[in-house]
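> Just dropping this structure here.
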Amino acid sequence: MAEVVKLLKTWSSPFGLRIVWALKLKGIQYDSIDEDLSNKSPLLVQYNPVYKKIPVLVHNGKSISESLVIIEYIEDTWNHNPLMPQDPYHKATARFWVKFGDDKVLPSIWSAFLKQGKEQADAIDEAIENLKLLEEQLKGKKFFGGEKIGLTDLALGWLANLVPVFEEIVGMKIIDEERFPSLLAWMHEFAQVAIIKESWPPHDKLIIKFQALRDRHLAK
Amino acid sequence: MAKSEVKVLGAWPSPFVMRPRIALNIKSVEYEFLQETLGSKSELLLKSNPVHKKIPVLIHGDKPVCESLIIVEYIDEAWSSAPSILPSHPYDRAIARFWAAYVDEKLFPSMKEIVSADGEETKKVAIQQVVDGLVLLEDAYTKCRKGGQFFGGEQIGYLDIAFGSYLGWLRVTEKFNQVKLLDEAKTPGLVKWAEAFCSHPAVKDVMPETDKLAEFAKVLAKARAAPPK
C-alpha cells in the first residue's frame, strides 16, 4: 500500500518547519497543506480537535499532533537515517536538550522579542543564561548530534532561522560572537545543510510577519 | 545489578518522582531512594542536575538522567526486557506521548489553578477546566485500553504512569475543595482505572496515602506563605 503522508503546517511556524526537516532527512514523500490560522480549516479541526494547532502529521489517515511527538513518531516509523543515537543514555541526553530548548530557551527569547524596557532586559538576561548552556553543549562539535544533524539540531534549528529576524526587528544582539562562538558557527553550518537550506522560510517575509506581530502585541 | 548501581533522587510527595519509581518497579530493578529535604538541595542533586536543580534524577552507575518522562523512556530502553513500558506500535506510542504531554502541560496546571483561585467564581472555572480535561482523558482511555484495565492495555504503561502519578494530588484537591473531579457520571472508566492503578503492585508502595499527602500540602502551603529568611 502506498504511504500517504500529509503535513498540516504554516509557511513560517518553526514547529512545522521541524517536521519538514525530519521528513526530508528521511526522504519521506509528503503533501504539504499550509493553513491560515486566522481561518482554520475543517481538516485541521478534525485532525487536531484537542489543540486545533499545527503541525499535524497525517499518516495513512491517522493524525498525530505536537511537534516533538510527531518527530518521535517519524523516528519510530521510518528507521533509516536515524535522528537519535541508539544508546539509551545519549538518547535521553538528546531529549533533555530538546525539552530545555522548548521549555526554557524559546520562551525567554520570545519574551525578549515581545517585551520592552526592564521586562525585555530581564528576558534577554535569562535568554543569555540559557544560551550559555547550549554553547557549552556544542563545544568542539559541529552539530548537537555530532558530525551529522540530529533531533536536537532540528528542535533548536529555529534559533538559526528566527533569532537573526528578532534581533534585526528589535535592534538587539543576543547571540554575539564573543559569548557564543560555537552557537554562531552551528547556526551557520546548520543553515548550509542542503535540505535545511532548501526549506528556509524567506528572511524578508519573516521580518514583515514578525514586525507586524510585535506591533500588534505592543499596541495592546 | 546491585541496588547501589541505581539511585533515584527525589521526595515521596512528588508525582514526578513517582514516575521513575513505578517504571523501575515494573522492570523489577532494585534502586536506592535518596530523599531530598524540603527547603534544601543536596550536593548530589546540584551535581547531577546542574541545569534545573530539580527532582527526580535517576543515577544509573555514574550517569544522571533528568526530567521524569525522559527518565521513564530511558528506563524502558536501558532495561529492555519485558514488560515494556511504551507501547510497541509507533501510532500507539505517539498517542501515549501526546496525552502524557497533555497531562503535564494542561491538566496539572489547571489543577494548580484550583488551588490558587482567588474566589468562588474563579475556582468554579478552574474546576470546570479540570473536569473538561478529564473527560478528554476518559475518551482517550476508552480508545487506548483495548479491552484491558489500563491505558497500556492489559499492563500498566507510559500513559498510566504519566497520568496516574497525579492521582494523589487530584484526590487531595478533591478533599480540600469538597468536589469530585473524577466521578462515576462523567468519567466512569477513569474511576475504575484509578482504583486499578493505585492498587497495582508497581504503584501501591509508591503512591502516597491521600491523608498523608493532605497533611504535607498544609505544611507546604505554610512554608510557602512564611516570610523568606
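We name chains A, B, ... following the order of the C-alpha cells; residues begin at 1 in each chain, and ligands are numbered from 1 as shown.
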Taking only C-alpha atoms into account, find every residue of chain B that has an atom no more than 12 Å from chain A, and write it out as a PyMOL selection string.
chain B and resi 49-52+58-80+86-102+105-106+132-133+135-137+139-140
> Now that the selection is made, can you save its residues with N, CA and C atoms as a short mmCIF file (atom, residue, chain, number, x, y, z; two decimals), in the first residue's frame?

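Saved result, part_4.cif, follows:
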```
data_model
loop_
_atom_site.label_atom_id
_atom_site.label_comp_id
_atom_site.auth_asym_id
_atom_site.auth_seq_id
_atom_site.Cartn_x
_atom_site.Cartn_y
_atom_site.Cartn_z
N ASN B 49 21.98 17.37 38.52
CA ASN B 49 21.07 18.15 37.67
C ASN B 49 21.41 19.62 37.78
N PRO B 50 22.59 20.00 37.28
CA PRO B 50 23.03 21.39 37.42
C PRO B 50 22.14 22.37 36.66
N VAL B 51 21.50 21.91 35.58
CA VAL B 51 20.69 22.80 34.76
C VAL B 51 19.42 23.23 35.50
N HIS B 52 18.67 22.26 36.03
CA HIS B 52 17.39 22.59 36.66
C HIS B 52 17.41 22.49 38.18
N LEU B 58 17.51 10.24 37.99
CA LEU B 58 17.91 8.84 38.04
C LEU B 58 19.42 8.80 37.88
N ILE B 59 20.10 8.09 38.76
CA ILE B 59 21.55 7.93 38.57
C ILE B 59 21.81 6.45 38.33
N HIS B 60 22.25 6.13 37.12
CA HIS B 60 22.48 4.75 36.71
C HIS B 60 23.98 4.57 36.55
N GLY B 61 24.60 3.86 37.48
CA GLY B 61 26.06 3.80 37.51
C GLY B 61 26.51 5.18 37.94
N ASP B 62 27.14 5.91 37.02
CA ASP B 62 27.53 7.27 37.37
C ASP B 62 26.84 8.28 36.45
N LYS B 63 25.85 7.80 35.68
CA LYS B 63 25.22 8.67 34.69
C LYS B 63 23.87 9.21 35.18
N PRO B 64 23.74 10.54 35.27
CA PRO B 64 22.45 11.08 35.70
C PRO B 64 21.50 11.27 34.52
N VAL B 65 20.23 10.96 34.75
CA VAL B 65 19.20 11.22 33.74
C VAL B 65 18.14 12.08 34.41
N CYS B 66 17.74 13.16 33.74
CA CYS B 66 16.81 14.12 34.35
C CYS B 66 15.54 14.25 33.51
N GLU B 67 14.50 14.83 34.15
CA GLU B 67 13.17 15.03 33.54
C GLU B 67 12.39 13.73 33.60
N SER B 68 11.30 13.72 34.38
CA SER B 68 10.63 12.47 34.76
C SER B 68 10.24 11.59 33.58
N LEU B 69 9.64 12.15 32.54
CA LEU B 69 9.18 11.30 31.43
C LEU B 69 10.37 10.83 30.57
N ILE B 70 11.40 11.65 30.50
CA ILE B 70 12.61 11.23 29.79
C ILE B 70 13.24 10.05 30.55
N ILE B 71 13.20 10.13 31.89
CA ILE B 71 13.73 9.04 32.71
C ILE B 71 12.92 7.76 32.45
N VAL B 72 11.60 7.87 32.39
CA VAL B 72 10.77 6.68 32.16
C VAL B 72 11.13 6.03 30.82
N GLU B 73 11.30 6.84 29.78
CA GLU B 73 11.68 6.27 28.48
C GLU B 73 13.06 5.63 28.56
N TYR B 74 13.97 6.28 29.28
CA TYR B 74 15.31 5.73 29.46
C TYR B 74 15.25 4.37 30.15
N ILE B 75 14.45 4.27 31.20
CA ILE B 75 14.33 3.01 31.94
C ILE B 75 13.82 1.91 31.01
N ASP B 76 12.83 2.26 30.18
CA ASP B 76 12.27 1.27 29.24
C ASP B 76 13.33 0.78 28.26
N GLU B 77 14.21 1.71 27.85
CA GLU B 77 15.23 1.35 26.86
C GLU B 77 16.45 0.67 27.48
N ALA B 78 16.87 1.15 28.66
CA ALA B 78 18.08 0.59 29.29
C ALA B 78 17.82 -0.83 29.82
N TRP B 79 16.61 -1.05 30.33
CA TRP B 79 16.23 -2.40 30.75
C TRP B 79 15.17 -2.87 29.77
N SER B 80 15.66 -3.38 28.64
CA SER B 80 14.76 -3.56 27.51
C SER B 80 13.96 -4.86 27.54
N LEU B 86 6.61 1.59 27.13
CA LEU B 86 6.00 2.25 25.98
C LEU B 86 5.31 1.17 25.14
N PRO B 87 4.19 1.54 24.46
CA PRO B 87 3.58 0.55 23.55
C PRO B 87 4.55 0.23 22.42
N SER B 88 4.30 -0.87 21.71
CA SER B 88 5.25 -1.24 20.66
C SER B 88 4.92 -0.57 19.31
N HIS B 89 3.65 -0.32 19.03
CA HIS B 89 3.30 0.25 17.73
C HIS B 89 3.54 1.77 17.73
N PRO B 90 4.20 2.28 16.66
CA PRO B 90 4.51 3.72 16.63
C PRO B 90 3.31 4.64 16.87
N TYR B 91 2.14 4.30 16.31
CA TYR B 91 0.99 5.18 16.48
C TYR B 91 0.53 5.17 17.95
N ASP B 92 0.52 3.99 18.57
CA ASP B 92 0.14 3.90 19.99
C ASP B 92 1.12 4.66 20.86
N ARG B 93 2.41 4.60 20.50
CA ARG B 93 3.43 5.34 21.23
C ARG B 93 3.16 6.84 21.13
N ALA B 94 2.80 7.29 19.91
CA ALA B 94 2.51 8.72 19.70
C ALA B 94 1.31 9.15 20.55
N ILE B 95 0.27 8.33 20.58
CA ILE B 95 -0.92 8.67 21.38
C ILE B 95 -0.55 8.76 22.85
N ALA B 96 0.23 7.80 23.33
CA ALA B 96 0.66 7.80 24.74
C ALA B 96 1.46 9.07 25.04
N ARG B 97 2.40 9.41 24.17
CA ARG B 97 3.23 10.61 24.38
C ARG B 97 2.39 11.88 24.30
N PHE B 98 1.44 11.90 23.37
CA PHE B 98 0.56 13.07 23.23
C PHE B 98 -0.19 13.34 24.52
N TRP B 99 -0.83 12.32 25.08
CA TRP B 99 -1.62 12.52 26.29
C TRP B 99 -0.75 12.75 27.52
N ALA B 100 0.44 12.17 27.55
CA ALA B 100 1.36 12.44 28.65
C ALA B 100 1.75 13.92 28.64
N ALA B 101 2.02 14.46 27.45
CA ALA B 101 2.35 15.88 27.34
C ALA B 101 1.14 16.71 27.76
N TYR B 102 -0.07 16.25 27.39
CA TYR B 102 -1.30 16.97 27.76
C TYR B 102 -1.45 17.06 29.28
N GLU B 105 1.17 19.57 30.54
CA GLU B 105 1.08 20.95 30.07
C GLU B 105 -0.28 21.59 30.30
N LYS B 106 -1.33 20.78 30.39
CA LYS B 106 -2.67 21.35 30.54
C LYS B 106 -3.35 20.92 31.84
N ASP B 132 -13.30 19.12 32.34
CA ASP B 132 -13.29 19.02 30.87
C ASP B 132 -12.08 18.22 30.39
N GLY B 133 -10.93 18.47 31.01
CA GLY B 133 -9.71 17.74 30.65
C GLY B 133 -9.83 16.26 30.95
N VAL B 135 -12.56 14.56 31.06
CA VAL B 135 -13.50 13.96 30.09
C VAL B 135 -12.75 13.60 28.80
N LEU B 136 -11.82 14.45 28.38
CA LEU B 136 -10.99 14.13 27.22
C LEU B 136 -10.18 12.87 27.48
N LEU B 137 -9.64 12.78 28.69
CA LEU B 137 -8.83 11.61 29.04
C LEU B 137 -9.68 10.35 29.15
N ASP B 139 -12.14 9.69 27.24
CA ASP B 139 -12.28 9.27 25.84
C ASP B 139 -11.01 8.58 25.36
N ALA B 140 -9.87 9.16 25.73
CA ALA B 140 -8.58 8.56 25.34
C ALA B 140 -8.44 7.17 25.96
#
```
> Give me, as number ranges by chain, all polymer residues having an atom no more than 9 Å from Lys180 of chain B, counting only C-alpha atoms and skipping those fewer than 5 positions away in the same chain.
B: 131, 171, 174-175
> Please measure the separation of atom CA of Leu159 of chain B and atom CA of Asp153 of chain A, giving the value in Å to one decimal.
27.2 Å
> Between atom CA of Gln211 of chain A and atom CA of Glu167 of chain A, what distance in Å does the model show, to one decimal?
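Atom CA of Gln211 of chain A sits 11.0 Å away from atom CA of Glu167 of chain A.
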> Give me the residues within 9 Å of segment 21-35 of chain A as a PyMOL selection string, counting only C-alpha atoms and dropping any in the same chain fewer than 3 places off.
chain A and resi 3-11+16-18+38-41+44+54+71+74-75+78-83+150-151+154+195-196+199
> How about saving the chosen residues, C-alpha atoms kept, as a short mmCIF file (atom, residue, chain, number, x, y, z; two decimals), in the first residue's frame?

```cif
data_model
loop_
_atom_site.label_atom_id
_atom_site.label_comp_id
_atom_site.auth_asym_id
_atom_site.auth_seq_id
_atom_site.Cartn_x
_atom_site.Cartn_y
_atom_site.Cartn_z
CA GLU A 3 2.20 5.51 2.15
CA VAL A 4 0.11 8.64 2.28
CA VAL A 5 1.73 11.31 4.39
CA LYS A 6 0.28 14.78 4.82
CA LEU A 7 1.65 17.64 6.86
CA LEU A 8 -0.58 20.49 8.02
CA LYS A 9 1.60 23.49 8.80
CA THR A 10 2.13 27.18 8.07
CA TRP A 11 4.88 28.75 5.96
CA GLY A 16 6.04 22.93 11.37
CA LEU A 17 9.49 23.50 9.96
CA ARG A 18 10.95 20.89 12.32
CA SER A 38 -6.98 33.04 11.31
CA ASN A 39 -9.35 30.79 9.39
CA LYS A 40 -8.69 27.21 10.47
CA SER A 41 -9.75 24.54 8.03
CA LEU A 44 -7.28 20.88 10.97
CA ILE A 54 -0.29 22.95 13.55
CA ILE A 71 9.23 13.66 15.32
CA ILE A 74 8.64 9.66 12.38
CA GLU A 75 11.72 8.17 14.03
CA TRP A 78 10.92 5.13 9.40
CA ASN A 79 14.06 3.63 10.88
CA HIS A 80 16.62 4.68 8.25
CA ASN A 81 18.72 7.85 8.74
CA PRO A 82 18.13 7.86 12.48
CA LEU A 83 17.68 11.25 14.12
CA GLY A 150 20.03 15.00 14.68
CA LEU A 151 16.92 15.55 16.75
CA LEU A 154 16.16 20.03 14.33
CA ILE A 195 17.71 20.02 3.00
CA ILE A 196 17.65 22.79 5.59
CA SER A 199 13.22 24.77 3.11
#
```
> Pick out each residue of chain A that DSSP on the backbone tags as alpha helix (DSSP H); I need them as JSON, numbers by chain.
{"A": [14, 15, 16, 17, 18, 19, 20, 21, 22, 23, 24, 25, 42, 43, 44, 45, 46, 47, 67, 68, 69, 70, 71, 72, 73, 74, 75, 76, 77, 88, 89, 90, 91, 92, 93, 94, 95, 96, 97, 98, 99, 100, 106, 107, 108, 109, 110, 111, 112, 113, 114, 117, 118, 119, 120, 121, 122, 123, 124, 125, 126, 127, 128, 129, 130, 131, 132, 133, 134, 135, 136, 137, 138, 151, 152, 153, 154, 155, 156, 158, 159, 160, 161, 162, 163, 164, 165, 166, 167, 168, 169, 170, 181, 182, 183, 184, 185, 186, 187, 188, 189, 190, 191, 192, 194, 195, 196, 197, 198, 203, 204, 205, 206, 207, 208, 209, 210, 211, 212, 213, 214, 215, 216, 217, 218, 219]}
> Find the residue from B:Ile156, B:Ala225, B:Val206, B:Cys198 that sits nearest to Lys27 of chain B; use only C-alpha atoms when measuring.
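Nearest to Lys27 of chain B: B:Ile156.
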> How many Å lie between atom CA of Pro20 of chain B and atom CA of Pro56 of chain B, rounded to one decimal?
7.8 Å
> Using only C-alpha atoms, which protein or nucleic acid residues come within 12 Å of Asp205 of chain B? Drop anything in the same chain fewer than 5 positions from it, and give the result as a PyMOL selection string.
chain B and resi 12+18+21-22+25+197-200
> So which bits of segment 5-206 of chain A end up strand (DSSP E or B) when you DSSP the backbone, as a list in words?
Val5, Lys6, Leu7, Leu8, Lys9, Asp31, Ser32, Ile33, Asp34, Val56, Leu57, Val58, His59, Lys62, Ser63, Ile64, Ser65, Phe143 and Gly146 of chain A
